[in-house]
Amino acid sequence: MADRKPIESWLTDMDGVLIHEGIPIPGADAFIKKLRDSGKPFLVLTNNSIYTPRDLHARLNRMGLEVPIENIWTSALATAQFLGDQRPGGSAYVIGEAGLTTALHDIGYILTDHDPDYVVLGETRTYSFEAMTKAVRLINDGARFICTNPDETGPSAEGPLPATGAVAALITKATGKQPYFAGKPNPLMMRTGLNAIGAHSETSAMIGDRMDTDVLAGMEAGMQTFLVLTGLTRPEQVENFPYRPSKVVDSIADLVDRI
């Protein structure tokens, strides 16, 4: 195997890597500080489309993690960029929160339930039967089905919550139409993120806690991949996958000296 080039830019997942249930993971503050001091391009990524980068900046800041707004990349931003490239100035019926609606507003999209170009499904804590019924009917009438991410569950202090992928499955069952997922593990999210910071995949690394999203997306985008064991994937599960990360480490603290 050919030697990889030195890592000049870093992408890292947020939940399970930097924070866990609203608490910073030991070493996360040192990792972010060293990244900022180094001047190397970096992004903190999340498949969660609920929050805007400004919201996430404020939440991380309260936890002692200083991540500039421009260094936060969400599945909502990746979805909006994809739609803006595909159909500039289009329209969408959106099920989601401010992170998604703001991203679509910012690219000039009209949000409507009258003959939209797309139905866009994102994360929300208030999925309604009425909204899902409207989405089904619009898709049956010809709207294209887009989802911010395929995650079937999301974390909470009380335990797993149904997430976008689970609701997407319901809509698919009712329409027979599969959505296009813009977020991880789609390497589109990685590539648009790399473009946003002017980085190249061959000199970039992706850090994540999930083999099926973070590691897969990073690998398919051509990056080095690091799996941390502070999130969802357990050590014994790594061998269950037909692909491997470049390296498995205990936590983000083990990567501080790699910067």
# chains A, B, ... in the order shown; residues from 1 in each chain; ligands from 1
>>> residues_around(residues="segment 38-42 of chain A", least_positions_apart="2", cutoff="6 Å", atoms="only C-alpha atoms", output="VMD selection string")
chain A and resid 9 to 11 34 to 36
>>> residues_around(residues="Thr203 of chain A", least_positions_apart="5", cutoff="8 Å", atoms="only C-alpha atoms", output="NGL selection string")
:A and (4-9 or 223)
>>> select_by_dssp(residues="segment 51-108 of chain A", states="helix (DSSP H, G or I)", output="mmCIF file with N, CA and C atoms, in the first residue's frame")
data_model
loop_
_atom_site.group_PDB
_atom_site.id
_atom_site.type_symbol
_atom_site.label_atom_id
_atom_site.label_comp_id
_atom_site.auth_asym_id
_atom_site.auth_seq_id
_atom_site.Cartn_x
_atom_site.Cartn_y
_atom_site.Cartn_z
ATOM 1 N N PRO A 53 -25.497 26.519 11.840
ATOM 2 C CA PRO A 53 -24.122 26.612 12.349
ATOM 3 C C PRO A 53 -23.990 27.614 13.492
ATOM 4 N N ARG A 54 -24.754 28.700 13.453
ATOM 5 C CA ARG A 54 -24.693 29.682 14.539
ATOM 6 C C ARG A 54 -25.203 29.073 15.845
ATOM 7 N N ASP A 55 -26.278 28.290 15.755
ATOM 8 C CA ASP A 55 -26.798 27.604 16.946
ATOM 9 C C ASP A 55 -25.757 26.645 17.519
ATOM 10 N N LEU A 56 -25.151 25.852 16.635
ATOM 11 C CA LEU A 56 -24.167 24.861 17.083
ATOM 12 C C LEU A 56 -22.930 25.528 17.658
ATOM 13 N N HIS A 57 -22.514 26.629 17.043
ATOM 14 C CA HIS A 57 -21.376 27.396 17.577
ATOM 15 C C HIS A 57 -21.644 27.806 19.023
ATOM 16 N N ALA A 58 -22.861 28.310 19.282
ATOM 17 C CA ALA A 58 -23.209 28.752 20.633
ATOM 18 C C ALA A 58 -23.265 27.573 21.603
ATOM 19 N N ARG A 59 -23.827 26.435 21.159
ATOM 20 C CA ARG A 59 -23.930 25.255 22.027
ATOM 21 C C ARG A 59 -22.543 24.718 22.378
ATOM 22 N N LEU A 60 -21.670 24.622 21.373
ATOM 23 C CA LEU A 60 -20.319 24.126 21.630
ATOM 24 C C LEU A 60 -19.540 25.090 22.507
ATOM 25 N N ASN A 61 -19.751 26.382 22.286
ATOM 26 C CA ASN A 61 -19.050 27.392 23.071
ATOM 27 C C ASN A 61 -19.396 27.279 24.556
ATOM 28 N N ARG A 62 -20.673 26.982 24.840
ATOM 29 C CA ARG A 62 -21.090 26.812 26.242
ATOM 30 C C ARG A 62 -20.419 25.605 26.887
ATOM 31 N N ILE A 69 -18.096 29.558 13.430
ATOM 32 C CA ILE A 69 -19.278 29.215 12.636
ATOM 33 C C ILE A 69 -18.879 28.646 11.281
ATOM 34 N N GLU A 70 -17.857 29.248 10.667
ATOM 35 C CA GLU A 70 -17.459 28.817 9.328
ATOM 36 C C GLU A 70 -16.791 27.440 9.320
ATOM 37 N N ASN A 71 -16.520 26.890 10.512
ATOM 38 C CA ASN A 71 -15.917 25.560 10.600
ATOM 39 C C ASN A 71 -16.929 24.483 10.985
ATOM 40 N N SER A 75 -25.624 18.466 7.610
ATOM 41 C CA SER A 75 -26.301 17.815 6.484
ATOM 42 C C SER A 75 -27.296 18.771 5.832
ATOM 43 N N ALA A 76 -27.814 19.732 6.598
ATOM 44 C CA ALA A 76 -28.718 20.732 6.020
ATOM 45 C C ALA A 76 -27.976 21.608 5.003
ATOM 46 N N LEU A 77 -26.751 22.010 5.327
ATOM 47 C CA LEU A 77 -25.951 22.821 4.397
ATOM 48 C C LEU A 77 -25.589 22.010 3.159
ATOM 49 N N ALA A 78 -25.227 20.737 3.351
ATOM 50 C CA ALA A 78 -24.895 19.881 2.213
ATOM 51 C C ALA A 78 -26.116 19.671 1.319
ATOM 52 N N THR A 79 -27.283 19.502 1.943
ATOM 53 C CA THR A 79 -28.522 19.335 1.177
ATOM 54 C C THR A 79 -28.839 20.588 0.377
ATOM 55 N N ALA A 80 -28.726 21.747 1.026
ATOM 56 C CA ALA A 80 -29.016 23.006 0.347
ATOM 57 C C ALA A 80 -28.058 23.236 -0.820
ATOM 58 N N GLN A 81 -26.782 22.946 -0.624
ATOM 59 C CA GLN A 81 -25.828 23.139 -1.716
ATOM 60 C C GLN A 81 -26.141 22.207 -2.880
ATOM 61 N N PHE A 82 -26.501 20.966 -2.555
ATOM 62 C CA PHE A 82 -26.866 20.005 -3.597
ATOM 63 C C PHE A 82 -28.067 20.508 -4.398
ATOM 64 N N LEU A 83 -29.110 20.966 -3.714
ATOM 65 C CA LEU A 83 -30.304 21.434 -4.407
ATOM 66 C C LEU A 83 -30.024 22.706 -5.202
ATOM 67 N N GLY A 84 -29.200 23.575 -4.644
ATOM 68 C CA GLY A 84 -28.846 24.799 -5.365
ATOM 69 C C GLY A 84 -28.084 24.508 -6.647
ATOM 70 N N ASP A 85 -27.257 23.464 -6.625
ATOM 71 C CA ASP A 85 -26.525 23.065 -7.830
ATOM 72 C C ASP A 85 -27.448 22.381 -8.832
ATOM 73 N N GLN A 86 -28.355 21.556 -8.316
ATOM 74 C CA GLN A 86 -29.235 20.782 -9.185
ATOM 75 C C GLN A 86 -30.304 21.645 -9.854
ATOM 76 N N ALA A 98 -35.106 24.860 11.950
ATOM 77 C CA ALA A 98 -34.463 26.078 11.452
ATOM 78 C C ALA A 98 -33.167 25.808 10.708
ATOM 79 N N GLY A 99 -32.424 24.784 11.114
ATOM 80 C CA GLY A 99 -31.170 24.491 10.424
ATOM 81 C C GLY A 99 -31.388 24.232 8.953
ATOM 82 N N LEU A 100 -32.466 23.524 8.630
ATOM 83 C CA LEU A 100 -32.764 23.175 7.240
ATOM 84 C C LEU A 100 -33.472 24.314 6.510
ATOM 85 N N THR A 101 -34.484 24.897 7.138
ATOM 86 C CA THR A 101 -35.213 25.964 6.451
ATOM 87 C C THR A 101 -34.315 27.179 6.206
ATOM 88 N N THR A 102 -33.445 27.490 7.155
ATOM 89 C CA THR A 102 -32.521 28.624 6.973
ATOM 90 C C THR A 102 -31.549 28.354 5.832
ATOM 91 N N ALA A 103 -31.020 27.131 5.766
ATOM 92 C CA ALA A 103 -30.071 26.786 4.698
ATOM 93 C C ALA A 103 -30.731 26.912 3.329
ATOM 94 N N LEU A 104 -31.988 26.499 3.220
ATOM 95 C CA LEU A 104 -32.686 26.588 1.934
ATOM 96 C C LEU A 104 -33.057 28.034 1.598
ATOM 97 N N HIS A 105 -33.461 28.794 2.606
ATOM 98 C CA HIS A 105 -33.715 30.223 2.378
ATOM 99 C C HIS A 105 -32.452 30.917 1.864
ATOM 100 N N ASP A 106 -31.321 30.563 2.435
ATOM 101 C CA ASP A 106 -30.066 31.230 2.092
ATOM 102 C C ASP A 106 -29.631 30.970 0.652
#
>>> atom_distance(atom1="atom CA of Gly183 of chain A", atom2="atom CA of Val67 of chain A")
20.6 Å
>>> residues_around(residues="Leu255 of chain A", least_positions_apart="3", cutoff="12 Å", atoms="only C-alpha atoms", output="ChimeraX atom specification")
/A:7,10,12,17-18,26-32,34-35,205-208,225-228,247-252,258-259
>>> write_last_selection(atoms="C-alpha atoms", output="compact mmCIF listing (two decimals), in the first residue's frame")
# COMPACT_ATOMS: atom_id res chain seq x y z
CA ILE A 7 -2.64 15.22 6.85
CA TRP A 10 -9.24 17.52 9.34
CA THR A 12 -14.51 15.37 12.48
CA VAL A 17 -16.35 12.24 18.94
CA LEU A 18 -16.26 15.72 20.50
CA PRO A 26 -11.99 14.44 27.36
CA GLY A 27 -9.42 15.73 24.90
CA ALA A 28 -11.93 17.47 22.61
CA ASP A 29 -11.01 20.94 23.84
CA ALA A 30 -7.29 20.27 23.36
CA PHE A 31 -7.93 18.87 19.87
CA ILE A 32 -9.95 21.90 18.75
CA LYS A 34 -4.52 22.71 18.59
CA LEU A 35 -6.37 22.71 15.27
CA ALA A 205 -8.65 12.88 7.43
CA MET A 206 -12.12 12.07 8.72
CA ILE A 207 -12.70 11.23 12.40
CA GLY A 208 -15.89 9.50 13.44
CA THR A 225 -10.19 7.63 8.42
CA PHE A 226 -9.95 7.40 12.19
CA LEU A 227 -12.52 5.55 14.27
CA VAL A 228 -12.86 6.62 17.90
CA LYS A 247 -6.71 3.52 12.34
CA VAL A 248 -8.80 2.78 15.44
CA VAL A 249 -8.10 4.88 18.55
CA ASP A 250 -9.69 5.07 21.98
CA SER A 251 -10.72 8.72 21.77
CA ILE A 252 -10.10 12.13 20.22
CA ARG A 258 -1.26 14.01 15.06
CA ILE A 259 -2.08 17.64 14.21
>>> closest_residue(among="A:Met219, A:Ala135, A:Leu65, A:Leu188", to="Glu202 of chain A", atoms="only C-alpha atoms")
A:Met219
>>> select_by_dssp(residues="segment 68-149 of chain A", states="strand (DSSP E or B)", output="list in words")
Ile72, Trp73, Thr74, Ser91, Ala92, Tyr93, Val94, Ile95, Ile110, Leu111, Tyr118, Val119, Val120, Leu121, Arg144, Phe145, Ile146 and Cys147 of chain A
>>> write_last_selection(atoms="N, CA, C and O atoms", output="PDB file, in the first residue's frame")
ATOM      1  N   ILE A  72     -18.207  24.799  10.816  1.00  0.00           N
ATOM      2  CA  ILE A  72     -19.273  23.841  11.114  1.00  0.00           C
ATOM      3  C   ILE A  72     -20.008  23.512   9.819  1.00  0.00           C
ATOM      4  O   ILE A  72     -20.412  24.407   9.073  1.00  0.00           O
ATOM      5  N   TRP A  73     -20.164  22.227   9.539  1.00  0.00           N
ATOM      6  CA  TRP A  73     -20.798  21.771   8.294  1.00  0.00           C
ATOM      7  C   TRP A  73     -21.876  20.748   8.639  1.00  0.00           C
ATOM      8  O   TRP A  73     -21.585  19.740   9.277  1.00  0.00           O
ATOM      9  N   THR A  74     -23.118  21.030   8.270  1.00  0.00           N
ATOM     10  CA  THR A  74     -24.237  20.167   8.621  1.00  0.00           C
ATOM     11  C   THR A  74     -24.834  19.506   7.385  1.00  0.00           C
ATOM     12  O   THR A  74     -24.623  19.951   6.258  1.00  0.00           O
ATOM     13  N   SER A  91     -38.032  25.233  -5.537  1.00  0.00           N
ATOM     14  CA  SER A  91     -38.987  25.304  -4.430  1.00  0.00           C
ATOM     15  C   SER A  91     -39.037  23.955  -3.722  1.00  0.00           C
ATOM     16  O   SER A  91     -38.735  22.907  -4.313  1.00  0.00           O
ATOM     17  N   ALA A  92     -39.426  23.985  -2.451  1.00  0.00           N
ATOM     18  CA  ALA A  92     -39.438  22.755  -1.656  1.00  0.00           C
ATOM     19  C   ALA A  92     -40.488  22.817  -0.571  1.00  0.00           C
ATOM     20  O   ALA A  92     -40.747  23.880   0.017  1.00  0.00           O
ATOM     21  N   TYR A  93     -41.098  21.674  -0.321  1.00  0.00           N
ATOM     22  CA  TYR A  93     -41.905  21.482   0.879  1.00  0.00           C
ATOM     23  C   TYR A  93     -40.991  20.833   1.904  1.00  0.00           C
ATOM     24  O   TYR A  93     -40.407  19.779   1.633  1.00  0.00           O
ATOM     25  N   VAL A  94     -40.832  21.462   3.051  1.00  0.00           N
ATOM     26  CA  VAL A  94     -39.819  21.040   4.016  1.00  0.00           C
ATOM     27  C   VAL A  94     -40.456  20.534   5.299  1.00  0.00           C
ATOM     28  O   VAL A  94     -41.335  21.186   5.875  1.00  0.00           O
ATOM     29  N   ILE A  95     -40.003  19.379   5.742  1.00  0.00           N
ATOM     30  CA  ILE A  95     -40.293  18.897   7.088  1.00  0.00           C
ATOM     31  C   ILE A  95     -38.969  18.961   7.836  1.00  0.00           C
ATOM     32  O   ILE A  95     -38.031  18.216   7.530  1.00  0.00           O
ATOM     33  N   ILE A 110     -37.740  28.804  -2.474  1.00  0.00           N
ATOM     34  CA  ILE A 110     -39.073  29.123  -1.987  1.00  0.00           C
ATOM     35  C   ILE A 110     -39.610  27.897  -1.255  1.00  0.00           C
ATOM     36  O   ILE A 110     -39.594  26.789  -1.801  1.00  0.00           O
ATOM     37  N   LEU A 111     -40.063  28.095  -0.034  1.00  0.00           N
ATOM     38  CA  LEU A 111     -40.627  27.001   0.751  1.00  0.00           C
ATOM     39  C   LEU A 111     -42.144  27.046   0.610  1.00  0.00           C
ATOM     40  O   LEU A 111     -42.784  28.029   0.992  1.00  0.00           O
ATOM     41  N   TYR A 118     -39.323  19.825  -4.855  1.00  0.00           N
ATOM     42  CA  TYR A 118     -38.811  18.794  -3.957  1.00  0.00           C
ATOM     43  C   TYR A 118     -39.636  18.704  -2.676  1.00  0.00           C
ATOM     44  O   TYR A 118     -40.185  19.715  -2.212  1.00  0.00           O
ATOM     45  N   VAL A 119     -39.691  17.532  -2.110  1.00  0.00           N
ATOM     46  CA  VAL A 119     -40.040  17.347  -0.706  1.00  0.00           C
ATOM     47  C   VAL A 119     -38.726  17.061   0.005  1.00  0.00           C
ATOM     48  O   VAL A 119     -37.999  16.132  -0.369  1.00  0.00           O
ATOM     49  N   VAL A 120     -38.400  17.878   0.998  1.00  0.00           N
ATOM     50  CA  VAL A 120     -37.130  17.731   1.714  1.00  0.00           C
ATOM     51  C   VAL A 120     -37.424  17.366   3.169  1.00  0.00           C
ATOM     52  O   VAL A 120     -38.067  18.126   3.900  1.00  0.00           O
ATOM     53  N   LEU A 121     -36.943  16.206   3.562  1.00  0.00           N
ATOM     54  CA  LEU A 121     -37.172  15.703   4.915  1.00  0.00           C
ATOM     55  C   LEU A 121     -35.906  15.836   5.735  1.00  0.00           C
ATOM     56  O   LEU A 121     -34.833  15.384   5.326  1.00  0.00           O
ATOM     57  N   ARG A 144     -39.817  15.563  -6.161  1.00  0.00           N
ATOM     58  CA  ARG A 144     -38.666  14.692  -5.944  1.00  0.00           C
ATOM     59  C   ARG A 144     -38.375  14.613  -4.440  1.00  0.00           C
ATOM     60  O   ARG A 144     -38.437  15.614  -3.741  1.00  0.00           O
ATOM     61  N   PHE A 145     -38.009  13.425  -3.972  1.00  0.00           N
ATOM     62  CA  PHE A 145     -37.871  13.155  -2.538  1.00  0.00           C
ATOM     63  C   PHE A 145     -36.400  13.231  -2.132  1.00  0.00           C
ATOM     64  O   PHE A 145     -35.563  12.464  -2.621  1.00  0.00           O
ATOM     65  N   ILE A 146     -36.086  14.165  -1.227  1.00  0.00           N
ATOM     66  CA  ILE A 146     -34.724  14.382  -0.739  1.00  0.00           C
ATOM     67  C   ILE A 146     -34.719  14.284   0.784  1.00  0.00           C
ATOM     68  O   ILE A 146     -35.625  14.803   1.441  1.00  0.00           O
ATOM     69  N   CYS A 147     -33.705  13.638   1.359  1.00  0.00           N
ATOM     70  CA  CYS A 147     -33.542  13.580   2.814  1.00  0.00           C
ATOM     71  C   CYS A 147     -32.162  14.088   3.201  1.00  0.00           C
ATOM     72  O   CYS A 147     -31.183  13.847   2.492  1.00  0.00           O
TER      73      CYS A 147
END
>>> residues_around(residues="Gly176 of chain A", least_positions_apart="5", cutoff="10 Å", atoms="only C-alpha atoms", output="PyMOL selection string")
chain A and resi 136+139-140+169-171
>>> atom_distance(atom1="atom CA of Pro68 of chain A", atom2="atom CA of Leu45 of chain A")
12.5 Å
>>> residues_around(residues="Arg125 of chain A", least_positions_apart="2", cutoff="12 Å", atoms="only C-alpha atoms", output="short mmCIF file (atom, residue, chain, number, x, y, z; two decimals) with all heavy atoms, in the first residue's frame")
data_model
loop_
_atom_site.label_atom_id
_atom_site.label_comp_id
_atom_site.auth_asym_id
_atom_site.auth_seq_id
_atom_site.Cartn_x
_atom_site.Cartn_y
_atom_site.Cartn_z
N ASN A 48 -27.11 15.83 11.87
CA ASN A 48 -28.31 16.43 12.42
C ASN A 48 -28.58 17.76 11.72
O ASN A 48 -27.71 18.62 11.64
CB ASN A 48 -28.12 16.65 13.93
CG ASN A 48 -29.41 17.04 14.62
OD1 ASN A 48 -30.15 17.90 14.15
ND2 ASN A 48 -29.68 16.42 15.74
N SER A 49 -29.80 17.91 11.20
CA SER A 49 -30.14 19.12 10.43
C SER A 49 -30.98 20.11 11.21
O SER A 49 -31.47 21.09 10.66
CB SER A 49 -30.89 18.73 9.15
OG SER A 49 -32.12 18.09 9.47
N ILE A 50 -31.16 19.87 12.52
CA ILE A 50 -32.04 20.74 13.31
C ILE A 50 -31.46 22.14 13.47
O ILE A 50 -32.16 23.14 13.35
CB ILE A 50 -32.30 20.12 14.70
CG1 ILE A 50 -33.19 18.88 14.56
CG2 ILE A 50 -32.95 21.12 15.64
CD1 ILE A 50 -33.48 18.17 15.87
N TYR A 51 -30.15 22.22 13.75
CA TYR A 51 -29.56 23.49 14.17
C TYR A 51 -28.78 24.16 13.04
O TYR A 51 -28.18 23.50 12.19
CB TYR A 51 -28.62 23.26 15.36
CG TYR A 51 -29.29 22.59 16.52
CD1 TYR A 51 -29.04 21.25 16.82
CD2 TYR A 51 -30.18 23.30 17.32
CE1 TYR A 51 -29.67 20.63 17.89
CE2 TYR A 51 -30.81 22.68 18.40
CZ TYR A 51 -30.56 21.36 18.67
OH TYR A 51 -31.19 20.74 19.72
N ILE A 95 -40.00 19.38 5.74
CA ILE A 95 -40.29 18.90 7.09
C ILE A 95 -38.97 18.96 7.84
O ILE A 95 -38.03 18.22 7.53
CB ILE A 95 -40.83 17.46 7.09
CG1 ILE A 95 -42.15 17.37 6.30
CG2 ILE A 95 -41.04 16.97 8.52
CD1 ILE A 95 -42.68 15.95 6.16
N GLY A 96 -38.86 19.89 8.78
CA GLY A 96 -37.60 20.06 9.48
C GLY A 96 -37.60 21.31 10.34
O GLY A 96 -38.64 21.96 10.50
N GLU A 97 -36.44 21.63 10.85
CA GLU A 97 -36.29 22.76 11.77
C GLU A 97 -35.48 23.89 11.13
O GLU A 97 -35.18 23.85 9.94
CB GLU A 97 -35.63 22.29 13.07
CG GLU A 97 -36.38 21.20 13.81
CD GLU A 97 -37.64 21.71 14.50
OE1 GLU A 97 -37.78 22.95 14.66
OE2 GLU A 97 -38.49 20.87 14.89
N ALA A 98 -35.11 24.86 11.95
CA ALA A 98 -34.46 26.08 11.45
C ALA A 98 -33.17 25.81 10.71
O ALA A 98 -32.84 26.52 9.76
CB ALA A 98 -34.21 27.04 12.62
N GLY A 122 -36.04 16.47 6.89
CA GLY A 122 -34.91 16.60 7.81
C GLY A 122 -35.31 16.19 9.22
O GLY A 122 -36.38 15.62 9.44
N GLU A 123 -34.45 16.51 10.17
CA GLU A 123 -34.67 16.15 11.56
C GLU A 123 -35.64 17.13 12.21
O GLU A 123 -35.59 18.33 11.95
CB GLU A 123 -33.34 16.22 12.31
CG GLU A 123 -33.13 15.12 13.31
CD GLU A 123 -32.62 13.86 12.64
OE1 GLU A 123 -31.62 13.92 11.94
OE2 GLU A 123 -33.27 12.82 12.83
N TYR A 127 -42.34 15.53 14.42
CA TYR A 127 -42.89 14.96 13.20
C TYR A 127 -44.42 14.84 13.36
O TYR A 127 -44.90 14.29 14.35
CB TYR A 127 -42.31 13.57 12.95
CG TYR A 127 -40.87 13.56 12.49
CD1 TYR A 127 -39.88 13.00 13.30
CD2 TYR A 127 -40.50 14.11 11.27
CE1 TYR A 127 -38.55 12.99 12.88
CE2 TYR A 127 -39.18 14.10 10.85
CZ TYR A 127 -38.21 13.53 11.66
OH TYR A 127 -36.90 13.52 11.25
N SER A 128 -45.15 15.36 12.39
CA SER A 128 -46.61 15.29 12.49
C SER A 128 -47.18 14.41 11.40
O SER A 128 -46.65 14.35 10.28
CB SER A 128 -47.22 16.69 12.39
OG SER A 128 -47.24 17.15 11.05
N THR A 153 -32.02 6.46 13.91
CA THR A 153 -32.24 6.90 15.28
C THR A 153 -31.25 8.00 15.63
O THR A 153 -30.20 8.14 15.01
CB THR A 153 -32.07 5.74 16.30
OG1 THR A 153 -30.72 5.24 16.21
CG2 THR A 153 -33.06 4.63 16.03
N GLY A 154 -31.62 8.77 16.63
CA GLY A 154 -30.74 9.82 17.13
C GLY A 154 -30.62 9.69 18.64
O GLY A 154 -31.48 9.08 19.29
N PRO A 155 -29.55 10.26 19.23
CA PRO A 155 -29.34 10.11 20.67
C PRO A 155 -30.16 11.11 21.48
O PRO A 155 -30.49 12.20 21.02
CB PRO A 155 -27.84 10.39 20.80
CG PRO A 155 -27.55 11.38 19.70
CD PRO A 155 -28.46 10.99 18.57
N SER A 156 -30.50 10.73 22.69
CA SER A 156 -31.07 11.64 23.67
C SER A 156 -30.73 11.11 25.04
O SER A 156 -30.31 9.96 25.19
CB SER A 156 -32.59 11.76 23.51
OG SER A 156 -33.25 10.66 24.08
N LEU A 161 -34.00 8.07 19.73
CA LEU A 161 -35.22 8.68 19.19
C LEU A 161 -35.33 8.33 17.71
O LEU A 161 -34.31 8.22 17.02
CB LEU A 161 -35.16 10.20 19.32
CG LEU A 161 -35.11 10.81 20.72
CD1 LEU A 161 -34.81 12.30 20.61
CD2 LEU A 161 -36.44 10.58 21.42
N PRO A 162 -36.55 8.16 17.19
CA PRO A 162 -36.70 7.98 15.74
C PRO A 162 -36.13 9.21 15.02
O PRO A 162 -36.36 10.34 15.44
CB PRO A 162 -38.21 7.86 15.53
CG PRO A 162 -38.76 7.52 16.88
CD PRO A 162 -37.84 8.14 17.88
N ALA A 163 -35.39 8.98 13.95
CA ALA A 163 -34.78 10.09 13.22
C ALA A 163 -35.19 10.05 11.75
O ALA A 163 -36.07 9.30 11.35
CB ALA A 163 -33.26 10.03 13.38
N THR A 164 -34.52 10.85 10.95
CA THR A 164 -34.92 11.08 9.56
C THR A 164 -35.07 9.79 8.76
O THR A 164 -36.03 9.62 8.01
CB THR A 164 -33.89 11.99 8.86
OG1 THR A 164 -33.66 13.13 9.67
CG2 THR A 164 -34.39 12.44 7.51
N VAL A 167 -38.37 7.97 9.45
CA VAL A 167 -39.54 8.64 8.85
C VAL A 167 -39.49 8.53 7.33
O VAL A 167 -40.51 8.36 6.67
CB VAL A 167 -39.59 10.12 9.30
CG1 VAL A 167 -40.77 10.84 8.67
CG2 VAL A 167 -39.66 10.20 10.82
#
